[in-house]
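Participant: Structure file upload_3.cif (mmCIF, C-alpha atoms (C1' of nucleotides)) right here:
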```
data_run
#
loop_
_atom_site.label_atom_id
_atom_site.label_comp_id
_atom_site.auth_asym_id
_atom_site.auth_seq_id
_atom_site.Cartn_x
_atom_site.Cartn_y
_atom_site.Cartn_z
CA MET G 1 -12.68 -28.06 5.12
CA ALA G 2 -11.23 -26.52 1.98
CA LYS G 3 -7.75 -27.28 0.78
CA ARG G 4 -5.49 -24.60 2.11
CA SER G 5 -2.63 -26.05 0.09
CA SER G 6 -0.31 -23.31 1.19
CA SER G 7 2.66 -24.14 -1.04
CA SER G 8 5.06 -24.24 1.89
CA THR G 9 6.04 -27.75 0.96
CA GLU G 10 6.16 -27.10 -2.78
CA VAL G 11 8.76 -24.38 -2.51
CA LEU G 12 10.97 -27.00 -0.87
CA LEU G 13 10.29 -29.56 -3.56
CA GLY G 14 10.87 -26.97 -6.24
CA LEU G 15 14.27 -25.96 -4.96
CA LEU G 16 15.24 -29.60 -4.57
CA THR G 17 14.67 -30.07 -8.32
CA ILE G 18 17.64 -27.76 -8.81
CA GLU G 19 19.94 -29.46 -6.33
CA PRO G 20 19.87 -31.75 -3.26
CA MET G 21 20.05 -29.69 -0.10
CA SER G 22 19.72 -29.70 3.67
CA GLY G 23 16.99 -27.90 5.58
CA TYR G 24 19.40 -25.18 6.50
CA ASP G 25 20.47 -24.76 2.88
CA LEU G 26 16.85 -24.50 1.83
CA GLY G 27 16.34 -21.67 4.27
CA GLN G 28 19.31 -19.78 2.90
CA THR G 29 18.39 -20.48 -0.69
CA ILE G 30 14.81 -19.33 -0.23
CA ARG G 31 16.03 -16.04 1.17
CA ALA G 32 18.48 -15.55 -1.67
CA SER G 33 16.34 -16.64 -4.60
CA VAL G 34 12.63 -16.21 -4.01
CA GLY G 35 12.97 -14.11 -0.88
CA HIS G 36 11.42 -11.01 -2.40
CA PHE G 37 8.08 -12.73 -2.96
CA TRP G 38 8.16 -15.78 -0.71
CA ASN G 39 9.49 -16.54 2.74
CA GLU G 40 9.68 -19.59 4.90
CA SER G 41 10.80 -20.03 8.49
CA TYR G 42 12.78 -22.95 9.84
CA GLY G 43 9.90 -23.81 12.13
CA GLN G 44 8.10 -24.56 8.89
CA ILE G 45 10.93 -26.02 6.82
CA TYR G 46 12.11 -28.83 9.10
CA PRO G 47 8.71 -30.32 9.93
CA ASN G 48 7.64 -30.09 6.29
CA LEU G 49 10.76 -31.90 5.12
CA LYS G 50 9.91 -34.71 7.51
CA LYS G 51 6.39 -34.92 6.14
CA LEU G 52 7.71 -34.94 2.59
CA ALA G 53 10.12 -37.75 3.49
CA ALA G 54 7.33 -39.71 5.18
CA GLY G 55 5.24 -39.39 2.02
CA GLY G 56 8.09 -40.51 -0.22
CA PHE G 57 8.34 -37.19 -2.04
CA VAL G 58 11.94 -36.71 -0.95
CA SER G 59 14.68 -39.04 0.24
CA SER G 60 17.29 -38.12 2.81
CA LYS G 61 20.77 -39.23 3.61
CA THR G 62 22.96 -38.23 6.51
CA GLU G 63 26.17 -36.54 5.48
CA ARG G 64 29.04 -36.83 7.99
CA ARG G 65 31.84 -34.30 7.78
CA LYS G 66 34.96 -34.11 9.91
CA GLY G 67 34.90 -31.18 12.28
CA LYS G 68 31.54 -29.90 11.13
CA PRO G 69 28.16 -31.09 12.40
CA ASP G 70 26.18 -33.69 10.44
CA ARG G 71 23.69 -32.58 7.83
CA GLN G 72 20.58 -34.24 6.48
CA VAL G 73 20.66 -33.85 2.71
CA TYR G 74 17.34 -34.21 0.92
CA SER G 75 16.78 -35.19 -2.71
CA ILE G 76 13.55 -35.08 -4.65
CA THR G 77 12.10 -38.41 -5.83
CA ALA G 78 10.09 -39.24 -8.96
CA LYS G 79 6.97 -39.10 -6.81
CA GLY G 80 8.05 -35.66 -5.64
CA ARG G 81 8.46 -34.44 -9.21
CA GLN G 82 4.99 -35.66 -10.00
CA ARG G 83 3.58 -33.78 -7.05
CA MET G 84 5.40 -30.68 -8.22
CA ALA G 85 3.85 -31.03 -11.68
CA ASN G 86 0.38 -31.41 -10.19
CA TRP G 87 0.86 -28.34 -8.06
CA LEU G 88 2.04 -26.32 -11.04
CA ALA G 89 -1.11 -27.29 -12.94
CA VAL G 90 -3.41 -25.78 -10.29
CA ASP G 91 -4.44 -22.12 -10.52
CA PRO G 92 -2.43 -20.03 -8.09
CA GLN G 93 -4.70 -18.39 -5.57
CA PRO G 94 -4.52 -14.60 -5.40
CA GLU G 95 -2.77 -13.32 -2.33
CA ILE G 96 -4.78 -11.50 0.28
CA PRO G 97 -3.10 -8.17 0.95
CA ARG G 98 -2.28 -6.79 4.36
CA ASN G 99 -0.27 -3.63 4.19
CA GLU G 100 0.05 -2.01 7.58
CA LEU G 101 1.76 1.09 6.26
CA LEU G 102 -1.19 1.85 4.01
CA LEU G 103 -3.59 1.17 6.84
CA LYS G 104 -1.89 3.72 9.06
CA LEU G 105 -1.78 6.20 6.20
CA PHE G 106 -5.47 5.68 5.58
CA PHE G 107 -6.14 6.82 9.13
CA GLY G 108 -3.47 9.47 8.84
CA ALA G 109 -5.77 12.37 9.73
CA GLN G 110 -5.41 11.26 13.36
CA ALA G 111 -1.61 11.13 13.24
CA SER G 112 1.38 13.38 12.77
CA SER G 113 2.33 13.93 9.14
CA THR G 114 5.99 14.03 10.11
CA VAL G 115 5.76 10.59 11.63
CA LEU G 116 3.90 9.26 8.64
CA ALA G 117 6.56 10.65 6.31
CA ARG G 118 9.17 8.80 8.35
CA TYR G 119 7.26 5.56 7.84
CA VAL G 120 7.17 6.12 4.10
CA GLU G 121 10.87 6.97 4.03
CA SER G 122 11.92 3.84 5.85
CA MET G 123 9.76 1.72 3.59
CA ALA G 124 11.44 3.36 0.60
CA ASP G 125 14.87 2.69 2.09
CA ARG G 126 14.04 -0.96 2.58
CA GLU G 127 12.69 -1.35 -0.91
CA ARG G 128 15.58 0.49 -2.53
CA ALA G 129 17.87 -2.09 -0.99
CA VAL G 130 15.79 -4.93 -2.38
CA LEU G 131 15.71 -3.27 -5.79
CA GLY G 132 19.49 -3.14 -5.75
CA MET G 133 19.64 -6.86 -5.09
CA LEU G 134 17.20 -7.54 -7.88
CA ASP G 135 19.22 -5.51 -10.35
CA HIS G 136 22.23 -7.51 -9.33
CA ALA G 137 20.34 -10.77 -9.68
CA GLN G 138 19.08 -9.77 -13.10
CA ALA G 139 22.62 -9.04 -14.25
CA GLN G 140 23.81 -12.39 -12.95
CA ILE G 141 21.10 -14.31 -14.78
CA ASP G 142 22.10 -12.54 -17.99
CA ALA G 143 25.80 -13.17 -17.43
CA GLN G 144 25.70 -16.88 -16.62
CA LYS G 145 24.93 -19.22 -19.49
CA GLN G 146 21.34 -20.27 -19.95
CA TYR G 147 19.73 -22.61 -17.47
CA PRO G 148 16.30 -24.01 -18.28
CA GLY G 149 14.97 -21.81 -15.48
CA SER G 150 16.67 -18.61 -16.62
CA PRO G 151 13.81 -17.05 -18.60
CA PHE G 152 11.43 -17.65 -15.69
CA TRP G 153 13.82 -16.25 -13.12
CA LYS G 154 14.07 -13.13 -15.24
CA MET G 155 10.30 -12.80 -15.27
CA VAL G 156 9.99 -12.86 -11.51
CA THR G 157 12.85 -10.46 -10.89
CA ARG G 158 11.37 -8.17 -13.52
CA PHE G 159 8.12 -8.24 -11.58
CA GLY G 160 9.92 -7.12 -8.47
CA GLN G 161 11.73 -4.38 -10.31
CA LEU G 162 8.60 -2.88 -11.82
CA GLU G 163 6.66 -3.14 -8.59
CA LEU G 164 9.40 -1.63 -6.48
CA GLU G 165 9.99 1.20 -8.93
CA ALA G 166 6.29 2.01 -8.72
CA HIS G 167 6.48 1.96 -4.92
CA LEU G 168 9.47 4.27 -4.92
CA GLN G 169 7.81 6.72 -7.26
CA TRP G 170 4.78 6.73 -4.99
CA ALA G 171 6.96 7.23 -1.94
CA GLU G 172 8.56 10.33 -3.47
CA GLU G 173 5.21 11.88 -4.31
CA THR G 174 3.73 10.96 -0.98
CA ILE G 175 6.51 12.44 1.10
CA VAL G 176 6.04 15.73 -0.74
CA HIS G 177 2.32 15.64 -0.02
CA LEU G 178 2.87 14.86 3.63
CA ASP G 179 5.35 17.71 3.97
CA GLN G 180 2.85 20.09 2.43
CA LEU G 181 0.15 18.95 4.82
CA ASN G 182 2.53 19.46 7.67
CA LYS G 183 3.37 23.02 6.63
CA ARG G 184 -0.27 23.88 6.14
CA THR G 185 -1.34 22.68 9.57
CA ALA G 186 1.68 24.44 11.08
CA THR G 187 0.76 27.80 9.54
CA ALA G 188 -2.91 27.20 10.37
CA GLY G 189 -1.78 26.71 13.96
CA LYS G 190 0.18 29.99 13.89
CA ARG G 191 -2.79 31.83 12.46
CA LYS G 192 -4.95 30.51 15.26
CA ILE G 193 -2.45 31.65 17.85
CA HIS G 194 -2.32 35.10 16.28
CA ALA G 195 -6.10 35.34 16.13
CA GLY G 196 -6.35 34.08 19.69
CA ASN G 197 -3.97 36.72 21.02
CA MET S 22 6.46 -13.82 23.23
CA ALA S 23 6.76 -10.82 20.92
CA LYS S 24 3.88 -8.50 20.27
CA ARG S 25 2.19 -9.68 17.12
CA SER S 26 -0.10 -6.65 17.28
CA SER S 27 -1.72 -7.59 14.04
CA SER S 28 -3.86 -4.48 13.57
CA SER S 29 -7.04 -6.51 13.16
CA THR S 30 -8.61 -4.61 16.01
CA GLU S 31 -7.27 -1.24 14.96
CA VAL S 32 -8.88 -1.30 11.57
CA LEU S 33 -12.19 -1.64 13.41
CA LEU S 34 -11.40 1.21 15.77
CA GLY S 35 -10.23 3.34 12.88
CA LEU S 36 -13.42 2.93 10.89
CA LEU S 37 -15.48 3.61 14.00
CA THR S 38 -13.82 7.03 14.27
CA ILE S 39 -15.63 7.87 11.03
CA GLU S 40 -19.04 6.61 12.07
CA PRO S 41 -20.68 4.20 14.54
CA MET S 42 -21.31 0.86 12.88
CA SER S 43 -22.34 -2.76 13.41
CA GLY S 44 -20.05 -5.71 12.84
CA TYR S 45 -21.72 -6.43 9.57
CA ASP S 46 -21.31 -2.83 8.44
CA LEU S 47 -17.65 -2.97 9.33
CA GLY S 48 -17.19 -6.01 7.14
CA GLN S 49 -18.84 -4.24 4.21
CA THR S 50 -16.97 -1.02 4.79
CA ILE S 51 -13.60 -2.72 5.00
CA ARG S 52 -14.21 -4.38 1.66
CA ALA S 53 -15.27 -1.12 0.07
CA SER S 54 -12.68 1.23 1.52
CA VAL S 55 -9.44 -0.49 2.46
CA GLY S 56 -10.21 -3.77 0.70
CA HIS S 57 -7.40 -3.45 -1.82
CA PHE S 58 -4.72 -3.51 0.87
CA TRP S 59 -6.47 -4.94 3.93
CA ASN S 60 -9.03 -7.64 4.53
CA GLU S 61 -10.84 -8.94 7.55
CA SER S 62 -13.21 -11.89 7.92
CA TYR S 63 -16.30 -11.96 10.11
CA GLY S 64 -14.77 -14.74 12.12
CA GLN S 65 -12.26 -12.08 13.13
CA ILE S 66 -14.51 -9.02 13.31
CA TYR S 67 -17.15 -10.22 15.75
CA PRO S 68 -14.84 -11.67 18.41
CA ASN S 69 -12.57 -8.63 18.19
CA LEU S 70 -15.48 -6.25 18.68
CA LYS S 71 -16.36 -8.15 21.84
CA LYS S 72 -12.82 -7.85 23.10
CA LEU S 73 -12.76 -4.16 22.32
CA ALA S 74 -16.05 -3.70 24.20
CA ALA S 75 -14.73 -5.68 27.16
CA GLY S 76 -11.68 -3.42 27.26
CA GLY S 77 -13.77 -0.24 27.11
CA PHE S 78 -12.40 0.85 23.72
CA VAL S 79 -15.84 0.77 22.15
CA SER S 80 -19.38 0.94 23.51
CA SER S 81 -22.33 -0.89 22.02
CA LYS S 82 -26.04 -0.39 21.94
CA THR S 83 -28.70 -2.66 20.53
CA GLU S 84 -30.73 -1.12 17.75
CA ARG S 85 -34.23 -2.58 17.27
CA ARG S 86 -35.93 -2.10 13.93
CA LYS S 87 -39.38 -3.25 12.89
CA GLY S 88 -39.30 -6.12 10.40
CA LYS S 89 -35.52 -6.29 10.28
CA PRO S 90 -33.28 -8.17 12.72
CA ASP S 91 -31.61 -6.34 15.60
CA ARG S 92 -28.16 -4.87 15.15
CA GLN S 93 -25.41 -4.16 17.62
CA VAL S 94 -24.07 -0.72 16.84
CA TYR S 95 -20.58 0.08 18.15
CA SER S 96 -19.12 3.50 18.88
CA ILE S 97 -15.53 4.34 19.69
CA THR S 98 -14.80 5.71 23.16
CA ALA S 99 -12.17 8.22 24.31
CA LYS S 100 -10.09 5.28 25.48
CA GLY S 101 -10.46 3.78 22.03
CA ARG S 102 -9.24 6.98 20.37
CA GLN S 103 -6.23 6.96 22.63
CA ARG S 104 -5.45 3.39 21.66
CA MET S 105 -5.75 4.37 18.02
CA ALA S 106 -3.29 7.24 18.53
CA ASN S 107 -0.81 4.91 20.23
CA TRP S 108 -1.08 2.42 17.41
CA LEU S 109 -0.50 5.13 14.82
CA ALA S 110 2.67 6.17 16.61
CA VAL S 111 4.26 2.73 16.26
CA ASP S 112 6.33 1.88 13.18
CA PRO S 113 4.32 -0.25 10.78
CA GLN S 114 5.94 -3.62 10.29
CA PRO S 115 6.82 -4.50 6.70
CA GLU S 116 4.59 -7.14 5.22
CA ILE S 117 6.01 -10.53 4.47
CA PRO S 118 5.24 -11.34 0.85
CA ARG S 119 3.74 -14.58 -0.39
CA ASN S 120 2.94 -14.49 -4.05
CA GLU S 121 1.96 -17.91 -5.31
CA LEU S 122 1.78 -16.83 -8.94
CA LEU S 123 5.41 -15.75 -8.87
CA LEU S 124 6.39 -18.95 -7.11
CA LYS S 125 4.84 -21.06 -9.86
CA LEU S 126 6.46 -18.88 -12.51
CA PHE S 127 9.82 -19.27 -10.81
CA PHE S 128 9.52 -23.01 -11.28
CA GLY S 129 8.00 -22.51 -14.70
CA ALA S 130 10.59 -24.62 -16.54
CA GLN S 131 8.72 -27.66 -15.24
CA ALA S 132 5.32 -26.44 -16.44
CA SER S 133 3.46 -25.60 -19.62
CA SER S 134 4.02 -22.04 -20.85
CA THR S 135 0.45 -21.91 -22.10
CA VAL S 136 -0.87 -22.68 -18.65
CA LEU S 137 1.44 -20.14 -17.06
CA ALA S 138 0.26 -17.50 -19.52
CA ARG S 139 -3.31 -18.24 -18.47
CA TYR S 140 -2.36 -17.65 -14.84
CA VAL S 141 -0.85 -14.30 -15.70
CA GLU S 142 -3.88 -13.34 -17.79
CA SER S 143 -6.34 -14.08 -15.04
CA MET S 144 -4.24 -12.16 -12.54
CA ALA S 145 -4.25 -9.23 -14.95
CA ASP S 146 -8.02 -9.47 -15.35
CA ARG S 147 -8.52 -9.41 -11.61
CA GLU S 148 -6.21 -6.47 -11.14
CA ARG S 149 -7.70 -4.52 -14.02
CA ALA S 150 -11.04 -4.74 -12.23
CA VAL S 151 -9.53 -3.45 -9.00
CA LEU S 152 -7.80 -0.65 -10.87
CA GLY S 153 -11.16 0.39 -12.30
CA MET S 154 -12.60 0.59 -8.80
CA LEU S 155 -9.64 2.62 -7.61
CA ASP S 156 -10.02 5.10 -10.46
CA HIS S 157 -13.65 5.44 -9.52
CA ALA S 158 -12.80 5.90 -5.86
CA GLN S 159 -10.19 8.53 -6.69
CA ALA S 160 -12.75 10.48 -8.73
CA GLN S 161 -15.24 10.31 -5.86
CA ILE S 162 -12.77 11.62 -3.34
CA ASP S 163 -12.03 14.53 -5.65
CA ALA S 164 -15.72 15.21 -6.27
CA GLN S 165 -16.97 15.21 -2.69
CA LYS S 166 -16.00 18.13 -0.51
CA GLN S 167 -12.94 17.76 1.64
CA TYR S 168 -13.04 15.47 4.63
CA PRO S 169 -10.09 15.52 7.03
CA GLY S 170 -9.21 12.08 5.72
CA SER S 171 -9.42 12.95 2.02
CA PRO S 172 -5.73 13.64 1.33
CA PHE S 173 -4.78 10.36 3.00
CA TRP S 174 -7.39 8.36 1.15
CA LYS S 175 -5.98 9.75 -2.06
CA MET S 176 -2.49 8.63 -1.09
CA VAL S 177 -3.52 5.04 -0.53
CA THR S 178 -5.59 4.79 -3.69
CA ARG S 179 -2.71 6.32 -5.60
CA PHE S 180 -0.49 3.59 -4.22
CA GLY S 181 -2.83 0.98 -5.56
CA GLN S 182 -3.02 2.65 -8.94
CA LEU S 183 0.73 2.83 -9.42
CA GLU S 184 1.29 -0.69 -8.18
CA LEU S 185 -1.45 -2.18 -10.32
CA GLU S 186 -0.32 -0.31 -13.41
CA ALA S 187 3.16 -1.75 -12.88
CA HIS S 188 1.68 -5.22 -12.51
CA LEU S 189 -0.33 -4.85 -15.69
CA GLN S 190 2.66 -3.65 -17.64
CA TRP S 191 4.59 -6.64 -16.39
CA ALA S 192 1.74 -8.98 -17.29
CA GLU S 193 1.75 -7.72 -20.89
CA GLU S 194 5.49 -8.24 -21.27
CA THR S 195 5.39 -11.59 -19.58
CA ILE S 196 2.61 -13.04 -21.70
CA VAL S 197 4.62 -12.13 -24.80
CA HIS S 198 7.69 -13.86 -23.37
CA LEU S 199 5.70 -16.94 -22.45
CA ASP S 200 4.19 -17.14 -25.94
CA GLN S 201 7.65 -16.92 -27.47
CA LEU S 202 8.91 -19.69 -25.22
CA ASN S 203 5.94 -21.76 -26.22
CA LYS S 204 6.57 -21.29 -29.94
CA ARG S 205 10.22 -22.09 -29.55
CA THR S 206 9.63 -25.35 -27.71
CA ALA S 207 6.89 -26.22 -30.22
CA THR S 208 9.20 -25.78 -33.24
CA ALA S 209 11.99 -27.53 -31.37
CA GLY S 210 9.58 -30.42 -30.91
CA LYS S 211 8.74 -30.45 -34.62
CA ARG S 212 12.40 -30.45 -35.54
CA LYS S 213 12.92 -33.44 -33.31
CA ILE S 214 10.08 -35.29 -34.94
CA HIS S 215 11.49 -34.52 -38.40
CA ALA S 216 14.96 -35.61 -37.41
CA GLY S 217 13.57 -38.75 -35.83
CA ASN S 218 11.62 -39.75 -38.92
"C1'" DA M 14 -40.09 -22.49 -4.22
"C1'" DA M 15 -35.42 -21.29 -4.12
"C1'" DA M 16 -31.80 -18.30 -3.70
"C1'" DT M 17 -29.70 -14.29 -2.07
"C1'" DG M 18 -28.94 -10.73 1.38
"C1'" DC M 19 -29.12 -9.03 6.20
"C1'" DA M 20 -27.26 -9.99 10.69
"C1'" DT M 21 -24.76 -12.28 14.43
"C1'" DG M 22 -22.17 -15.33 16.09
"C1'" DT M 23 -19.17 -20.02 17.44
"C1'" DA M 24 -16.03 -24.02 16.76
"C1'" DA M 25 -12.46 -26.37 14.56
"C1'" DC M 26 -8.54 -26.42 12.37
"C1'" DG M 27 -4.17 -25.46 10.43
"C1'" DC M 28 -0.73 -22.39 9.19
"C1'" DG M 29 3.21 -19.86 10.52
"C1'" DT M 30 6.05 -17.36 13.77
"C1'" DT M 31 8.66 -17.00 17.84
"C1'" DA M 32 11.09 -18.75 21.33
"C1'" DC M 33 13.76 -22.15 23.16
"C1'" DA M 34 17.26 -25.89 23.26
"C1'" DT M 35 21.72 -27.77 21.97
"C1'" DG M 36 26.37 -27.86 20.58
"C1'" DA M 37 30.21 -27.23 17.62
"C1'" DT M 38 33.09 -24.01 14.83
"C1'" DT M 39 34.65 -19.75 13.15
"C1'" DT M 40 35.24 -14.94 13.44
"C1'" DT M 41 35.97 -10.62 16.00
"C1'" DA P 27 36.40 -14.22 25.70
"C1'" DA P 28 32.40 -13.18 23.25
"C1'" DA P 29 29.68 -13.15 19.38
"C1'" DA P 30 28.18 -14.92 15.18
"C1'" DT P 31 27.39 -18.75 12.07
"C1'" DC P 32 26.41 -23.55 11.06
"C1'" DA P 33 22.94 -27.00 11.88
"C1'" DT P 34 18.77 -29.30 13.49
"C1'" DG P 35 15.00 -29.49 15.62
"C1'" DT P 36 10.49 -28.94 19.11
"C1'" DA P 37 6.75 -26.58 21.69
"C1'" DA P 38 3.63 -23.01 22.44
"C1'" DC P 39 0.88 -19.79 20.92
"C1'" DG P 40 -2.06 -16.90 18.32
"C1'" DC P 41 -3.82 -15.41 14.19
"C1'" DG P 42 -7.09 -16.05 10.57
"C1'" DT P 43 -10.01 -18.74 7.61
"C1'" DT P 44 -13.64 -21.85 6.79
"C1'" DA P 45 -17.53 -24.04 7.93
"C1'" DC P 46 -21.51 -24.26 10.38
"C1'" DA P 47 -25.76 -22.55 12.71
"C1'" DT P 48 -29.82 -19.62 12.93
"C1'" DG P 49 -33.66 -16.95 11.23
"C1'" DC P 50 -36.05 -13.40 8.89
"C1'" DA P 51 -36.80 -10.51 4.53
"C1'" DT P 52 -36.47 -9.80 -0.10
"C1'" DT P 53 -35.73 -10.98 -4.73
"C1'" DT P 54 -36.00 -14.22 -8.71
#
```
Please, can you express the file's structure as structure tokens?
Facilitator:
Amino acid sequence: MAKRSSSSTEVLLGLLTIEPMSGYDLGQTIRASVGHFWNESYGQIYPNLKKLAAGGFVSSKTERRKGKPDRQVYSITAKGRQRMANWLAVDPQPEIPRNELLLKLFFGAQASSTVLARYVESMADRERAVLGMLDHAQAQIDAQKQYPGSPFWKMVTRFGQLELEAHLQWAEETIVHLDQLNKRTATAGKRKIHAGN
Amino acid sequence: MAKRSSSSTEVLLGLLTIEPMSGYDLGQTIRASVGHFWNESYGQIYPNLKKLAAGGFVSSKTERRKGKPDRQVYSITAKGRQRMANWLAVDPQPEIPRNELLLKLFFGAQASSTVLARYVESMADRERAVLGMLDHAQAQIDAQKQYPGSPFWKMVTRFGQLELEAHLQWAEETIVHLDQLNKRTATAGKRKIHAGN
DNA sequence: AAATGCATGTAACGCGTTACATGATTTT
DNA sequence: AAAATCATGTAACGCGTTACATGCATTT
């Protein structure tokens, strides 16, 4: 069976190169940093951390804190860094797309244009929010003094910005088209009623 | 447990509204029509067709042809069309992104810029090819006389065009940045060697 | 003679989400 | 008093891919 290699463990290793963290922290950090192009659920994070620890790629120590619950803090090991380097040297596999909005639009002749326009609008709303966060992130990277990762972080946020701007432009156009279709079928309906009576 | 609803059956139903087809045909048609935003493997298509038939959403008849192997040809039923309409009336769920290229770039400080540039190049090559197919598809939709689905097909291909153009623009920029980083670390390396000797 | 395409399927496997469980603390 | 957040996990489930199996026809 082919390597599926799904990078769910490597995102953990990668973030641990920046700073030792707990599973919970990793979840939060993923959302905040790579969230716009990668996500990971806790049902994935905790078991994978255990596997990484069992393989010697990370080490863990229990941190006790008065009042607050204990946390398991993980650090990457030399072996873990090596694994990270190996992973980085392998060609990334292209993602297989699955866009349900586009699928429904493709079959849009069987649906209400008004409803479809709503779908496009709410997608645009969602993406506008993400774009705002990316702009903010971009500004922050520029403001804070250079980390070794800074140029790369800029590249990935730039990707998001360009992609989302393209989506938003498309959404604008598409809503206009859908409205026009709606008007046309509405007047066609009226005409039919007139002809029928 | 929440509805996962993954639309794998609906894409089959949807294409069968256009024309009765076999499982094999559906696989080919998916690749050719919605392939740039939706994919489906045969290991998914055949079992799902059986389920749809068992539920009365499609009917099947065996087609015997001299020389060639038999084919099961599926047609959508009234019940199937109703199911399609219901599905279209439900909000599409936003896709969760998983872009491995961006993930590797994000951790690019630990990798070779030359290698990363190669990754970006090959992604651009792949997407340029898809863009070419989309341009061709767009032209075909314009050329052939209006189907009820035509305006919607144009919307989804337009989405792909805008998105891919954004990606390609980003790829150009990014390769330049990566080359600059590469030069800088190369000269920094030289300087070190000079200083050391 | 070998490889590719047509055509239909099944089995195994793993990835990933969702739901559930627990319990303490902080905020509303 | 209730809700949300911190914090860590496990179990169940289903989705989807990959690999395998079969066999005939056509192409190289």
Participant: Applied to this file, what does the PyMOL selection byres ((chain G) within 8 of (chain S)) return in terms of residues, put as an mmCIF file with C-alpha atoms, keeping the file's coordinate frame?
Facilitator:
```cif
data_model
loop_
_atom_site.group_PDB
_atom_site.id
_atom_site.type_symbol
_atom_site.label_atom_id
_atom_site.label_comp_id
_atom_site.auth_asym_id
_atom_site.auth_seq_id
_atom_site.Cartn_x
_atom_site.Cartn_y
_atom_site.Cartn_z
ATOM 1 C CA SER G 7 2.660 -24.140 -1.040
ATOM 2 C CA VAL G 11 8.760 -24.380 -2.510
ATOM 3 C CA GLY G 14 10.870 -26.970 -6.240
ATOM 4 C CA VAL G 34 12.630 -16.210 -4.010
ATOM 5 C CA HIS G 36 11.420 -11.010 -2.400
ATOM 6 C CA PHE G 37 8.080 -12.730 -2.960
ATOM 7 C CA TRP G 38 8.160 -15.780 -0.710
ATOM 8 C CA ASN G 39 9.490 -16.540 2.740
ATOM 9 C CA ALA G 85 3.850 -31.030 -11.680
ATOM 10 C CA LEU G 88 2.040 -26.320 -11.040
ATOM 11 C CA ALA G 89 -1.110 -27.290 -12.940
ATOM 12 C CA ASP G 91 -4.440 -22.120 -10.520
ATOM 13 C CA PRO G 92 -2.430 -20.030 -8.090
ATOM 14 C CA GLN G 93 -4.700 -18.390 -5.570
ATOM 15 C CA PRO G 94 -4.520 -14.600 -5.400
ATOM 16 C CA GLU G 95 -2.770 -13.320 -2.330
ATOM 17 C CA ILE G 96 -4.780 -11.500 0.280
ATOM 18 C CA PRO G 97 -3.100 -8.170 0.950
ATOM 19 C CA ARG G 98 -2.280 -6.790 4.360
ATOM 20 C CA ASN G 99 -0.270 -3.630 4.190
ATOM 21 C CA GLU G 100 0.050 -2.010 7.580
ATOM 22 C CA LEU G 101 1.760 1.090 6.260
ATOM 23 C CA LEU G 102 -1.190 1.850 4.010
ATOM 24 C CA LEU G 103 -3.590 1.170 6.840
ATOM 25 C CA LYS G 104 -1.890 3.720 9.060
ATOM 26 C CA LEU G 105 -1.780 6.200 6.200
ATOM 27 C CA PHE G 106 -5.470 5.680 5.580
ATOM 28 C CA PHE G 107 -6.140 6.820 9.130
ATOM 29 C CA GLY G 108 -3.470 9.470 8.840
ATOM 30 C CA ALA G 109 -5.770 12.370 9.730
ATOM 31 C CA GLN G 110 -5.410 11.260 13.360
ATOM 32 C CA ALA G 111 -1.610 11.130 13.240
ATOM 33 C CA VAL G 115 5.760 10.590 11.630
ATOM 34 C CA TYR G 119 7.260 5.560 7.840
ATOM 35 C CA MET G 123 9.760 1.720 3.590
ATOM 36 C CA PRO G 148 16.300 -24.010 -18.280
ATOM 37 C CA GLY G 149 14.970 -21.810 -15.480
ATOM 38 C CA PHE G 152 11.430 -17.650 -15.690
ATOM 39 C CA TRP G 153 13.820 -16.250 -13.120
ATOM 40 C CA MET G 155 10.300 -12.800 -15.270
ATOM 41 C CA VAL G 156 9.990 -12.860 -11.510
ATOM 42 C CA ARG G 158 11.370 -8.170 -13.520
ATOM 43 C CA PHE G 159 8.120 -8.240 -11.580
ATOM 44 C CA LEU G 162 8.600 -2.880 -11.820
ATOM 45 C CA GLU G 163 6.660 -3.140 -8.590
ATOM 46 C CA ALA G 166 6.290 2.010 -8.720
ATOM 47 C CA HIS G 167 6.480 1.960 -4.920
ATOM 48 C CA TRP G 170 4.780 6.730 -4.990
ATOM 49 C CA THR G 174 3.730 10.960 -0.980
#
```
Participant: Enclose all atoms of stretch 22-41 of chain M listed in the file in an axis-aligned box, grow every side by 6 Å, and hand back centre and edge lengths in Å to one decimal, as JSON.
Facilitator:
```
{"center_x": 6.9, "center_y": -19.2, "center_z": 16.2, "size_x": 70.1, "size_y": 29.2, "size_z": 26.1}
```
Participant: Could I get the residues of chain M with an atom no further than 8 Å from an atom of chain G, each paired with its nearest atom pair and that distance in Å to one decimal, using all atoms listed in the file, sorted by chain and residue number, as a tab-separated table?
Facilitator:
```
residue	atom	partner	partner_atom	distance
M:DG29	C1'	G:Gln44	CA	7.0
M:DT30	C1'	G:Ser41	CA	7.6
M:DA37	C1'	G:Pro69	CA	6.8
M:DT38	C1'	G:Lys68	CA	7.1
```
Participant: Since we have the selection now, will you write its residues out, keeping C-alpha atoms (C1' of nucleotides), as a PDB file, keeping the file's coordinate frame?
Facilitator:
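Written output follows (selection-v6.pdb):
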```pdb
ATOM      1  C1'  DG M  29       3.210 -19.860  10.520  1.00  0.00           C
ATOM      2  C1'  DT M  30       6.050 -17.360  13.770  1.00  0.00           C
ATOM      3  C1'  DA M  37      30.210 -27.230  17.620  1.00  0.00           C
ATOM      4  C1'  DT M  38      33.090 -24.010  14.830  1.00  0.00           C
TER       5       DT M  38
END
```
Participant: Please find the residues of chain P near chain G - the criterion being any atom within 10 Å, counting only C-alpha atoms (C1' of nucleotides) - and write them as a list in words.
Facilitator: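 Matching residues, ligands excluded from the count: DC32, DA33, DT34, DG35, DT36, DT43, DT44 and DA45 of chain P.
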